[in-house]
$ cat target.txt   # compact mmCIF, C-alpha atoms
# COMPACT_ATOMS: atom_id res chain seq x y z
CA MET A 6 0.00 0.00 0.00
CA ALA A 7 2.75 2.38 1.04
CA GLN A 8 4.70 1.60 -2.11
CA THR A 9 1.84 2.28 -4.50
CA LEU A 10 1.05 5.55 -2.73
CA THR A 11 4.68 6.54 -2.99
CA LEU A 12 4.74 5.94 -6.72
CA SER A 13 1.45 7.57 -7.47
CA THR A 14 2.15 10.73 -5.50
CA LEU A 15 5.53 11.40 -7.05
CA THR A 16 4.60 13.46 -10.07
CA PHE A 17 7.10 16.29 -9.80
CA ASP A 18 10.44 16.65 -11.62
CA GLY A 19 13.25 14.41 -10.61
CA ALA A 20 10.96 11.74 -9.21
CA TRP A 21 13.34 9.01 -10.29
CA VAL A 22 16.06 10.41 -8.04
CA LEU A 23 13.75 10.38 -5.07
CA LEU A 24 12.61 6.83 -5.77
CA ARG A 25 16.11 5.56 -5.02
CA GLN A 26 16.20 7.16 -1.58
CA PRO A 27 14.58 5.85 1.60
CA MET A 28 11.11 7.32 2.03
CA LEU A 29 9.39 8.64 5.12
CA ARG A 30 5.87 9.85 5.70
CA VAL A 31 5.84 13.41 7.10
CA PRO A 32 2.88 14.05 9.40
CA GLY A 33 0.47 16.52 7.89
CA VAL A 34 2.14 16.42 4.49
CA ASP A 35 0.33 14.45 1.85
CA LYS A 36 3.37 12.86 0.25
CA PHE A 37 6.41 10.75 0.93
CA VAL A 38 9.77 12.48 0.98
CA PRO A 39 13.36 11.28 1.19
CA THR A 40 14.68 11.12 4.76
CA GLU A 41 17.68 13.31 3.97
CA SER A 42 15.69 16.37 2.94
CA ILE A 43 13.29 16.30 5.89
CA SER A 44 15.61 18.23 8.14
CA ALA A 45 15.96 21.15 5.74
CA SER A 46 12.92 21.99 3.61
CA ASP A 47 10.26 20.25 5.66
CA GLN A 48 11.35 21.78 8.91
CA ALA A 49 11.18 25.17 7.24
CA ASP A 50 7.73 24.26 5.94
CA ARG A 51 6.60 23.18 9.40
CA GLN A 52 7.97 26.41 10.84
CA ARG A 53 5.93 28.37 8.29
CA SER A 54 2.83 26.31 9.13
CA ALA A 55 3.33 27.21 12.78
CA TRP A 56 3.73 30.91 11.91
CA MET A 57 0.52 30.83 9.89
CA ALA A 58 -1.30 29.12 12.75
CA ALA A 59 -0.09 31.95 15.02
CA ALA A 60 -1.11 34.53 12.41
CA GLN A 61 -4.60 33.05 12.29
CA SER A 62 -4.91 33.89 15.97
CA GLY A 63 -3.66 37.42 15.32
CA ASP A 64 0.13 37.26 15.87
CA GLN A 65 1.44 40.12 13.71
CA ARG A 66 5.13 39.36 14.14
CA ALA A 67 4.75 35.75 13.03
CA TYR A 68 2.64 36.97 10.12
CA THR A 69 5.08 39.54 8.73
CA ARG A 70 7.96 37.08 9.10
CA LEU A 71 5.92 34.46 7.28
CA LEU A 72 4.98 36.81 4.42
CA GLY A 73 8.58 37.97 4.08
CA ASP A 74 9.65 34.36 3.95
CA SER A 75 6.99 33.57 1.34
CA VAL A 76 8.19 36.06 -1.29
CA ALA A 77 11.02 33.82 -2.54
CA LEU A 78 8.73 30.81 -2.82
CA ILE A 79 6.08 32.80 -4.70
CA ARG A 80 8.71 34.10 -7.14
CA ALA A 81 10.00 30.56 -7.71
CA VAL A 82 6.49 29.24 -8.43
CA ALA A 83 5.75 32.13 -10.80
CA ARG A 84 9.04 31.67 -12.63
CA ARG A 85 8.35 27.97 -13.05
CA GLN A 86 4.99 28.86 -14.60
CA GLY A 87 6.77 31.04 -17.15
CA VAL A 88 5.88 34.49 -15.81
CA PRO A 89 8.24 37.10 -17.33
CA VAL A 90 10.69 38.72 -14.90
CA ASP A 91 9.05 42.16 -15.10
CA ALA A 92 5.72 40.68 -14.01
CA LEU A 93 7.06 38.64 -11.06
CA ASP A 94 6.50 41.39 -8.52
CA ASP A 95 2.88 41.79 -9.58
CA VAL A 96 2.36 38.07 -8.96
CA VAL A 97 4.04 38.40 -5.55
CA GLN A 98 1.75 41.28 -4.57
CA GLU A 99 -1.41 39.62 -5.83
CA THR A 100 -0.48 36.39 -4.05
CA LEU A 101 0.23 38.19 -0.77
CA LEU A 102 -3.14 39.94 -0.98
CA THR A 103 -4.90 36.64 -1.68
CA VAL A 104 -3.05 34.95 1.20
CA HIS A 105 -4.26 37.75 3.46
CA ARG A 106 -7.85 37.41 2.27
CA VAL A 107 -8.06 33.61 2.52
CA ARG A 108 -5.75 32.97 5.49
CA HIS A 109 -8.65 31.28 7.30
CA THR A 110 -8.59 28.43 4.74
CA PHE A 111 -5.16 27.24 5.86
CA ASP A 112 -5.15 24.06 7.95
CA PRO A 113 -2.08 24.08 10.25
CA SER A 114 -1.86 20.28 10.17
CA ARG A 115 -1.01 20.48 6.47
CA SER A 116 1.86 21.92 4.45
CA TYR A 117 2.03 25.73 4.23
CA ASP A 118 4.25 25.52 1.15
CA ALA A 119 1.68 23.42 -0.75
CA TRP A 120 -1.08 25.87 0.24
CA LEU A 121 0.96 28.91 -0.79
CA SER A 122 2.19 27.31 -4.03
CA ALA A 123 -1.37 26.58 -5.12
CA ILE A 124 -2.37 30.23 -4.62
CA ALA A 125 0.82 31.57 -6.22
CA SER A 126 0.48 29.32 -9.24
CA ARG A 127 -3.12 30.50 -9.74
CA ARG A 128 -2.07 34.15 -9.58
CA ALA A 129 0.77 33.37 -12.01
CA VAL A 130 -1.75 31.96 -14.49
CA ASP A 131 -3.87 35.12 -14.06
CA ALA A 132 -0.82 37.26 -14.78
CA LEU A 133 0.04 35.26 -17.90
CA ARG A 134 -3.55 35.58 -19.12
CA SER A 135 -3.70 39.32 -18.65
CA HIS A 136 -0.33 39.65 -20.41
CA GLY A 137 -1.68 37.61 -23.30
CA ARG A 138 -4.78 39.80 -23.46
CA ARG A 139 -2.69 42.97 -23.49
CA ASP A 140 -0.41 41.60 -26.23
CA ARG A 141 -3.35 40.67 -28.41
CA ARG A 142 -4.88 44.09 -27.98
CA GLU A 143 -1.65 45.78 -28.94
CA VAL A 144 -1.48 43.78 -32.18
CA ARG A 145 -5.03 44.74 -33.01
CA ASP A 146 -4.26 48.38 -32.32
CA GLU A 147 -1.35 48.33 -34.73
CA LEU A 148 -3.58 46.91 -37.45
CA ALA A 149 -6.13 49.57 -36.71
CA ILE A 150 -3.54 52.31 -37.10
CA ASP A 151 -2.39 50.85 -40.42
CA GLN A 152 -5.86 50.60 -41.79
CA HIS A 153 -7.20 53.88 -40.48
CA ALA A 154 -4.23 56.20 -40.69
CA ASP A 155 -6.41 59.31 -40.59
CA ARG A 156 -8.74 58.57 -37.80
CA ASP A 157 -11.57 60.91 -37.19
CA ASP A 158 -10.59 63.08 -34.24
CA ALA A 159 -14.17 63.55 -33.16
CA SER A 160 -14.75 59.81 -32.85
CA THR A 161 -11.46 59.34 -30.97
CA GLY A 162 -12.52 62.05 -28.57
CA ALA A 163 -15.90 60.41 -28.12
CA GLU A 164 -14.25 57.06 -27.49
CA ARG A 165 -11.98 58.57 -24.86
CA GLU A 166 -14.89 60.27 -23.22
CA GLN A 167 -16.72 56.92 -23.17
CA GLU A 168 -13.73 55.24 -21.59
CA ALA A 169 -13.45 57.94 -18.97
CA GLN A 170 -17.15 57.53 -18.30
CA ARG A 171 -16.71 53.78 -17.83
CA LEU A 172 -13.82 54.35 -15.46
CA ARG A 173 -15.80 56.90 -13.46
CA LYS A 174 -18.72 54.49 -13.21
CA ALA A 175 -16.43 51.63 -12.17
CA ILE A 176 -14.89 53.84 -9.46
CA GLU A 177 -18.36 54.73 -8.18
CA THR A 178 -19.19 51.07 -7.66
CA LEU A 179 -16.13 50.42 -5.47
CA PRO A 180 -16.60 49.93 -1.73
CA PRO A 181 -16.29 53.27 0.15
CA GLY A 182 -12.79 52.63 1.56
CA GLN A 183 -11.35 51.70 -1.83
CA ARG A 184 -13.10 54.57 -3.63
CA GLU A 185 -11.68 56.99 -1.10
CA ALA A 186 -8.15 55.64 -1.66
CA VAL A 187 -8.46 55.99 -5.45
CA GLU A 188 -9.86 59.51 -5.18
CA GLN A 189 -7.25 60.70 -2.71
CA LEU A 190 -4.14 58.98 -4.09
CA GLY A 191 -5.00 58.48 -7.75
CA LEU A 192 -7.25 61.34 -8.85
CA LYS A 193 -6.27 64.15 -6.48
CA GLU A 194 -2.65 62.92 -6.46
CA ARG A 195 -2.22 63.51 -2.74
CA SER A 196 0.70 61.96 -0.90
CA LEU A 197 0.06 59.07 1.48
CA ALA A 198 0.58 61.30 4.50
CA GLU A 199 -1.79 63.97 3.19
CA ALA A 200 -4.40 61.38 2.28
CA ALA A 201 -4.08 59.77 5.71
CA GLU A 202 -4.61 63.14 7.38
CA GLN A 203 -7.58 63.92 5.12
CA THR A 204 -9.36 60.61 5.66
CA GLY A 205 -8.28 59.76 9.20
CA ARG A 206 -7.11 56.32 8.08
CA ASN A 207 -3.60 54.97 8.55
CA THR A 208 -1.28 54.81 5.55
CA GLY A 209 -1.19 51.00 5.61
CA ALA A 210 -4.95 50.75 5.18
CA LEU A 211 -4.84 53.34 2.37
CA LYS A 212 -2.16 51.39 0.52
CA VAL A 213 -4.05 48.12 0.80
CA ASN A 214 -7.29 49.80 -0.28
CA LEU A 215 -5.61 51.41 -3.28
CA HIS A 216 -4.08 48.12 -4.34
CA ARG A 217 -7.42 46.31 -4.06
CA ALA A 218 -9.22 49.10 -5.88
CA LEU A 219 -6.75 48.99 -8.77
CA LYS A 220 -7.11 45.22 -8.96
CA SER A 221 -10.88 45.28 -9.12
CA LEU A 222 -10.87 48.18 -11.61
CA ARG A 223 -8.43 46.29 -13.79
CA ASP A 224 -10.54 43.15 -13.59
CA ARG A 225 -13.73 45.02 -14.33
CA LEU A 226 -12.46 47.08 -17.26
CA HIS A 227 -10.49 44.25 -18.84
CA GLY A 228 -13.34 41.86 -18.23
CA GLU A 229 -15.77 44.12 -20.11
CA SER A 230 -13.67 44.74 -23.19
CA MET B 22 16.11 42.49 -4.94
CA SER B 23 15.45 46.05 -6.05
CA ASP B 24 11.71 45.75 -5.44
CA ALA B 25 12.01 44.24 -1.99
CA PRO B 26 11.05 47.51 -0.24
CA ARG B 27 7.81 47.56 -2.23
CA HIS B 28 6.87 44.16 -0.86
CA ASP B 29 7.94 45.20 2.61
CA ALA B 30 5.51 48.10 2.48
CA LEU B 31 2.66 45.79 1.49
CA ILE B 32 3.68 43.16 4.05
CA ASP B 33 3.78 45.79 6.80
CA ALA B 34 0.40 47.11 5.72
CA LEU B 35 -1.10 43.61 5.75
CA GLY B 36 0.48 42.99 9.16
CA GLU B 37 -1.17 46.13 10.52
CA GLU B 38 -4.50 44.96 9.13
CA LEU B 39 -4.19 41.49 10.66
CA THR B 40 -7.10 40.35 12.79
CA PRO B 41 -7.69 36.87 14.24
CA VAL B 42 -9.73 34.63 11.94
CA ARG B 43 -11.97 31.64 12.53
CA ARG B 44 -10.41 28.68 10.79
CA LEU B 45 -12.44 26.99 8.06
CA PRO B 46 -13.82 23.63 9.28
CA PRO B 47 -12.47 20.56 7.42
CA PRO B 48 -14.19 19.61 4.11
CA TRP B 49 -15.97 16.55 5.55
CA LEU B 50 -17.59 18.63 8.27
CA ARG B 51 -18.75 21.27 5.79
CA THR B 52 -20.10 18.47 3.57
CA LEU B 53 -22.17 17.19 6.51
CA GLY B 54 -23.60 20.69 6.92
CA TRP B 55 -24.84 20.78 3.33
CA LEU B 56 -26.11 17.19 3.52
CA ALA B 57 -28.09 18.12 6.63
CA VAL B 58 -30.10 20.58 4.51
CA VAL B 59 -30.71 17.83 1.91
CA ALA B 60 -31.76 15.50 4.74
CA VAL B 61 -34.31 18.06 5.97
CA MET B 62 -35.78 18.27 2.45
CA ALA B 63 -35.89 14.46 2.31
CA ALA B 64 -37.63 14.31 5.70
CA VAL B 65 -40.31 16.74 4.49
CA LEU B 66 -40.86 14.64 1.33
CA PHE B 67 -41.05 11.41 3.36
CA TRP B 68 -43.57 13.00 5.69
CA ARG B 69 -45.65 14.09 2.70
CA TYR B 70 -45.36 10.95 0.48
CA GLY B 71 -44.23 8.14 2.80
CA ALA B 72 -41.71 5.49 1.80
CA ASP B 73 -44.09 2.78 0.54
CA THR B 74 -44.10 3.67 -3.17
CA MET B 75 -40.34 4.04 -3.20
CA LEU B 76 -39.79 0.68 -1.49
CA HIS B 77 -42.29 -1.02 -3.78
CA ARG B 78 -40.45 0.30 -6.83
CA TRP B 79 -37.10 -0.85 -5.49
CA HIS B 80 -38.50 -4.25 -4.57
CA ALA B 81 -40.03 -4.79 -8.01
CA ALA B 82 -37.02 -3.44 -9.87
CA PRO B 83 -33.73 -3.66 -7.93
CA ASP B 84 -31.91 -1.69 -10.66
CA LEU B 85 -33.94 1.38 -9.66
CA GLY B 86 -32.71 0.89 -6.10
CA LEU B 87 -29.18 0.62 -7.41
CA ALA B 88 -29.61 3.82 -9.41
CA ALA B 89 -30.95 5.58 -6.31
CA PHE B 90 -27.99 4.33 -4.28
CA GLY B 91 -25.69 5.70 -7.03
CA ALA B 92 -27.45 9.06 -6.94
CA VAL B 93 -27.20 9.38 -3.15
CA THR B 94 -23.52 8.36 -3.17
CA THR B 95 -22.83 10.81 -6.00
CA ALA B 96 -24.44 13.64 -4.03
CA ILE B 97 -22.25 12.85 -0.99
CA THR B 98 -18.97 12.32 -2.85
CA ALA B 99 -19.44 15.26 -5.22
CA ALA B 100 -20.19 17.61 -2.31
CA LEU B 101 -17.09 16.36 -0.47
CA ALA B 102 -15.02 16.81 -3.63
CA ALA B 103 -16.33 20.37 -4.09
CA PHE B 104 -15.43 21.32 -0.50
CA ALA B 105 -11.97 19.74 -0.83
CA LEU B 106 -11.32 21.44 -4.20
CA SER B 107 -12.13 24.82 -2.69
CA VAL B 108 -9.20 24.61 -0.24
CA PRO B 109 -5.86 25.74 -1.75
CA GLY B 110 -3.23 23.02 -1.89
CA ARG B 111 -5.67 20.10 -2.06
CA SER B 112 -5.19 17.81 -5.03
CA THR B 113 -7.39 18.25 -8.11
CA ARG B 114 -7.71 14.45 -8.09
CA TRP B 115 -10.57 14.99 -5.64
CA ALA B 116 -12.66 15.76 -8.73
CA TRP B 117 -12.51 12.03 -9.63
CA LEU B 118 -14.14 10.97 -6.37
CA PRO B 119 -17.78 11.17 -7.55
CA VAL B 120 -17.07 9.56 -10.92
CA PRO B 121 -17.56 5.83 -9.99
CA SER B 122 -20.87 6.49 -8.22
CA ALA B 123 -22.02 8.75 -11.07
CA VAL B 124 -21.29 5.91 -13.51
CA LEU B 125 -23.33 3.54 -11.31
CA TRP B 126 -26.19 6.05 -11.10
CA ILE B 127 -26.34 6.73 -14.83
CA GLY B 128 -25.59 3.13 -15.82
CA ALA B 129 -28.28 1.62 -13.57
CA SER B 130 -30.82 4.20 -14.74
CA GLY B 131 -29.99 3.29 -18.34
CA LEU B 132 -30.41 -0.42 -17.67
CA GLY B 133 -33.83 0.30 -16.22
CA CYS B 134 -35.10 1.10 -19.69
CA LEU B 135 -34.12 -2.32 -21.04
CA ARG B 136 -36.11 -4.53 -18.67
CA ALA B 137 -39.83 -5.25 -18.51
CA HIS B 138 -42.06 -2.72 -16.78
CA ILE B 139 -43.15 -3.10 -13.19
CA PRO B 140 -46.63 -4.68 -13.26
CA GLY B 141 -49.37 -2.33 -12.15
CA MET B 142 -47.24 0.81 -12.32
CA ALA B 143 -47.77 3.48 -14.92
CA VAL B 144 -45.07 4.11 -17.48
CA LEU B 145 -44.00 7.70 -17.59
CA ASP B 146 -45.63 9.85 -20.22
CA MET B 147 -44.19 13.11 -21.51
CA ARG B 148 -46.20 15.25 -19.10
CA GLU B 149 -44.82 13.29 -16.14
CA ALA B 150 -41.35 13.43 -17.63
CA ASN B 151 -41.61 17.21 -17.78
CA HIS B 152 -42.55 17.12 -14.14
CA CYS B 153 -39.28 15.27 -13.37
CA LEU B 154 -37.29 17.84 -15.28
CA ILE B 155 -38.91 20.72 -13.41
CA PHE B 156 -38.47 18.92 -10.08
CA ILE B 157 -34.75 18.27 -10.54
CA VAL B 158 -33.98 21.73 -11.89
CA SER B 159 -35.99 23.56 -9.25
CA PHE B 160 -34.50 21.60 -6.37
CA SER B 161 -31.01 21.99 -7.80
CA ILE B 162 -31.17 25.78 -7.86
CA PRO B 163 -31.36 26.29 -4.06
CA LEU B 164 -28.99 23.36 -3.42
CA SER B 165 -26.39 24.73 -5.87
CA GLY B 166 -26.89 28.23 -4.52
CA LEU B 167 -26.27 27.03 -0.96
CA LEU B 168 -23.16 25.09 -2.00
CA ILE B 169 -21.75 28.05 -3.93
CA TRP B 170 -22.43 30.35 -0.99
CA LEU B 171 -20.62 27.95 1.34
CA LEU B 172 -17.73 27.49 -1.09
CA ARG B 173 -17.23 31.24 -1.45
CA ARG B 174 -16.12 31.28 2.18
CA ALA B 175 -13.19 29.11 1.08
CA CYS B 176 -10.96 29.87 -1.90
CA PRO B 177 -11.86 27.84 -5.01
CA LEU B 178 -8.75 28.32 -7.14
CA ARG B 179 -10.31 26.20 -9.90
CA PRO B 180 -13.75 27.79 -10.13
CA VAL B 181 -14.86 26.03 -13.31
CA LEU B 182 -13.96 22.52 -12.18
CA THR B 183 -15.47 23.20 -8.75
CA ALA B 184 -18.66 24.52 -10.36
CA VAL B 185 -19.05 21.34 -12.43
CA VAL B 186 -18.72 19.23 -9.30
CA VAL B 187 -21.23 21.50 -7.52
CA GLY B 188 -23.65 20.93 -10.40
CA LEU B 189 -23.17 17.18 -10.16
CA ALA B 190 -23.72 17.22 -6.37
CA SER B 191 -26.92 19.21 -6.54
CA ALA B 192 -28.33 17.33 -9.55
CA ALA B 193 -27.63 14.01 -7.81
CA ALA B 194 -29.18 15.25 -4.57
CA SER B 195 -32.29 16.43 -6.45
CA ALA B 196 -32.59 13.12 -8.30
CA SER B 197 -32.31 11.31 -4.94
CA LEU B 198 -35.10 13.47 -3.51
CA LEU B 199 -37.22 12.82 -6.60
CA GLU B 200 -36.86 9.12 -5.88
CA ILE B 201 -39.03 9.59 -2.75
CA CYS B 202 -42.03 10.96 -4.62
CA HIS B 203 -41.57 9.23 -7.97
CA ASN B 204 -44.55 6.98 -8.48
CA VAL B 205 -43.87 5.77 -12.01
CA ASP B 206 -41.71 3.14 -13.60
CA ALA B 207 -38.54 4.17 -15.38
CA ALA B 208 -38.68 4.43 -19.15
CA ALA B 209 -36.52 5.82 -21.91
CA SER B 210 -38.31 9.17 -21.74
CA ASP B 211 -37.68 9.28 -17.98
CA LEU B 212 -33.98 8.62 -18.47
CA VAL B 213 -33.78 11.27 -21.18
CA MET B 214 -35.44 13.78 -18.88
CA HIS B 215 -33.08 12.88 -16.04
CA ALA B 216 -30.06 13.20 -18.29
CA LEU B 217 -31.37 16.51 -19.63
CA ALA B 218 -32.01 17.81 -16.11
CA VAL B 219 -28.55 16.81 -14.93
CA ALA B 220 -26.99 18.37 -18.04
CA ILE B 221 -28.92 21.61 -17.50
CA VAL B 222 -27.89 21.81 -13.84
CA VAL B 223 -24.22 21.02 -14.53
CA THR B 224 -24.03 23.43 -17.49
CA ALA B 225 -25.80 26.22 -15.60
CA ASN B 226 -23.29 25.79 -12.80
CA LEU B 227 -20.41 25.74 -15.25
CA VAL B 228 -21.51 29.06 -16.72
CA MET B 229 -22.79 30.79 -13.59
CA GLY B 230 -20.87 29.09 -10.82
CA GLY B 231 -17.51 29.52 -12.49
CA ARG B 232 -18.09 33.24 -12.47
CA LEU B 233 -19.59 33.34 -8.98
CA LEU B 234 -16.78 31.27 -7.51
CA SER B 235 -13.90 33.03 -9.25
CA ARG B 236 -14.49 36.23 -7.28
CA ALA B 237 -14.29 34.33 -4.04
$ encode --input "target.txt" --output "structure tokens"
Amino acid sequence: MAQTLTLSTLTFDGAWVLLRQPMLRVPGVDKFVPTESISASDQADRQRSAWMAAAQSGDQRAYTRLLGDSVALIRAVARRQGVPVDALDDVVQETLLTVHRVRHTFDPSRSYDAWLSAIASRRAVDALRSHGRRDRREVRDELAIDQHADRDDASTGAEREQEAQRLRKAIETLPPGQREAVEQLGLKERSLAEAAEQTGRNTGALKVNLHRALKSLRDRLHGES
Amino acid sequence: MSDAPRHDALIDALGEELTPVRRLPPPWLRTLGWLAVVAVMAAVLFWRYGADTMLHRWHAAPDLGLAAFGAVTTAITAALAAFALSVPGRSTRWAWLPVPSAVLWIGASGLGCLRAHIPGMAVLDMREANHCLIFIVSFSIPLSGLLIWLLRRACPLRPVLTAVVVGLASAAASASLLEICHNVDAAASDLVMHALAVAIVVTANLVMGGRLLSRA
């Protein structure tokens, strides 16, 4: 039984190397791993699981250490998925925000690395898709410029006005905190400190709200077109 | 890393925002919660229709009993698979869990059309078959809705796959409930209606649920 499980769960690269080494079942981890590597990567994984468990009960220090520690892993996952270097940081940020939002779904008896990798790999796929969309649009735009060299200025103006209208409408539908952040930081171009003074919120909350607002605006506007 | 400070700012901000959270219960426990609602619906139907007709059908045609067993098992395994799939890091192989019981359910229902009819029991006509379709679809809507609402509390990273499994769970649960108040023998038209109902429910979930779950 143990042997068949071992074979069927080894689907990652280099499985043949691992097959030659003695195997051990790690508690809480759904796969068999070679005894030699347990001390290093699995202990780190268990440490991260413990930090997340502490974070779930509100331990800020454990949480910031954990997130700091997660950045390298997220980058590695994104790179493996083929995310271009200039987009890696976007994936890191999106993943960190998702981790924050769904931290209650983590089960401390299981691997933190597996949980994080699943989220990071999803965000990497999202990033690749939005890159693909942008590239396709750029190609279409070039064709449009070739075919309509003298574009009617009035219609361009109308189009822009329509786009601005759509953006304004999308901003109006944001939750109050996010709308406030966009208005203060994006539209009125205030500094973080000024915006914090104006709204009575701390700069951390403003930053998070702005980031979320930009994400949902991006999703909404890209999703529509 | 040149961008490290940017992440530090976000990490600090998230740290400041941190509040204690209630951990999500394990998938099997959440599955029991959803099944409890199905059980309440079943209890109401039993109270209204009794179990005699159902038992008579199963006694006269054991394949119908087998199909019902397949439907109930599919509802349970598909719900469990949906809850497991909605937790990051769980294997996508969970999606295979309801497949054997779904094959039993559909296979046994199909065989039902090949044998002789149960003596003394009406064969389904088109009006009755329509009734089945409406029953399954209308029971599936609240059951799917409830499942999707519960799943949104988790983090379904594969919304489309999860939505298909949700559709299967609710269609199977509805078909199981229909079993209680079904007073006709199975026929080809019945099977077609069942298949159509299941297809409608699964497709509707695929289209709607994928979108509803992806924002979760």
$ closest_residue --input "target.txt" --among "B:Leu101, B:Ala175, B:Val65, B:Ser197" --to "chain A" --atoms "only C-alpha atoms"
B:Ala175
$ interface_residues --input "target.txt" --of "chain B" --to "chain A" --cutoff "7 Å" --atoms "only C-alpha atoms" --output "PDB file with C-alpha atoms, keeping the file's coordinate frame"
ATOM      1  CA  HIS B  28       6.870  44.160  -0.860  1.00  0.00           C
ATOM      2  CA  ILE B  32       3.680  43.160   4.050  1.00  0.00           C
ATOM      3  CA  ASP B  33       3.780  45.790   6.800  1.00  0.00           C
ATOM      4  CA  ALA B  34       0.400  47.110   5.720  1.00  0.00           C
ATOM      5  CA  GLY B  36       0.480  42.990   9.160  1.00  0.00           C
ATOM      6  CA  GLU B  37      -1.170  46.130  10.520  1.00  0.00           C
ATOM      7  CA  LEU B  39      -4.190  41.490  10.660  1.00  0.00           C
ATOM      8  CA  THR B  40      -7.100  40.350  12.790  1.00  0.00           C
ATOM      9  CA  PRO B  41      -7.690  36.870  14.240  1.00  0.00           C
ATOM     10  CA  VAL B  42      -9.730  34.630  11.940  1.00  0.00           C
ATOM     11  CA  ARG B  43     -11.970  31.640  12.530  1.00  0.00           C
ATOM     12  CA  ARG B  44     -10.410  28.680  10.790  1.00  0.00           C
ATOM     13  CA  LEU B  45     -12.440  26.990   8.060  1.00  0.00           C
ATOM     14  CA  VAL B 108      -9.200  24.610  -0.240  1.00  0.00           C
ATOM     15  CA  PRO B 109      -5.860  25.740  -1.750  1.00  0.00           C
ATOM     16  CA  GLY B 110      -3.230  23.020  -1.890  1.00  0.00           C
ATOM     17  CA  ALA B 175     -13.190  29.110   1.080  1.00  0.00           C
ATOM     18  CA  CYS B 176     -10.960  29.870  -1.900  1.00  0.00           C
ATOM     19  CA  LEU B 178      -8.750  28.320  -7.140  1.00  0.00           C
TER      20      LEU B 178
END
$ atom_distance --input "target.txt" --atom1 "atom CA of B:Met229" --atom2 "atom CA of B:Gly131"
28.8 Å
$ atom_distance --input "target.txt" --atom1 "atom CA of B:Pro180" --atom2 "atom CA of B:Gly231"
4.8 Å
$ atom_distance --input "target.txt" --atom1 "atom CA of B:Val61" --atom2 "atom CA of B:Leu198"
10.6 Å
$ closest_residue --input "target.txt" --among "B:Ala220, B:Leu85, B:Ala100, B:Leu132" --to "B:Ser165" --atoms "all atoms listed in the file"
B:Ala100
$ axis_aligned_box --input "target.txt" --around "stretch 102-110 of chain B" --padding-each-side "5 Å" --output "AutoDock Vina command-line options"
--center_x -9.8 --center_y 21.3 --center_z -2.2 --size_x 23.1 --size_y 18.9 --size_z 14.0
$ closest_residue --input "target.txt" --among "A:Leu133, A:Leu226, A:Ala49, A:Ala77" --to "A:Arg171" --atoms "only C-alpha atoms"
A:Leu226
$ residues_around --input "target.txt" --residues "B:Phe160" --least-positions-apart "3" --cutoff "8 Å" --atoms "only C-alpha atoms" --output "ChimeraX atom specification"
/B:156-157,163-164,191,195
$ residues_around --input "target.txt" --residues "stretch 214-218 of chain B" --least-positions-apart "6" --cutoff "7 Å" --atoms "only C-alpha atoms" --output "list in words"
Ala150, Cys153, Leu154, Ile157 and Val158 of chain B
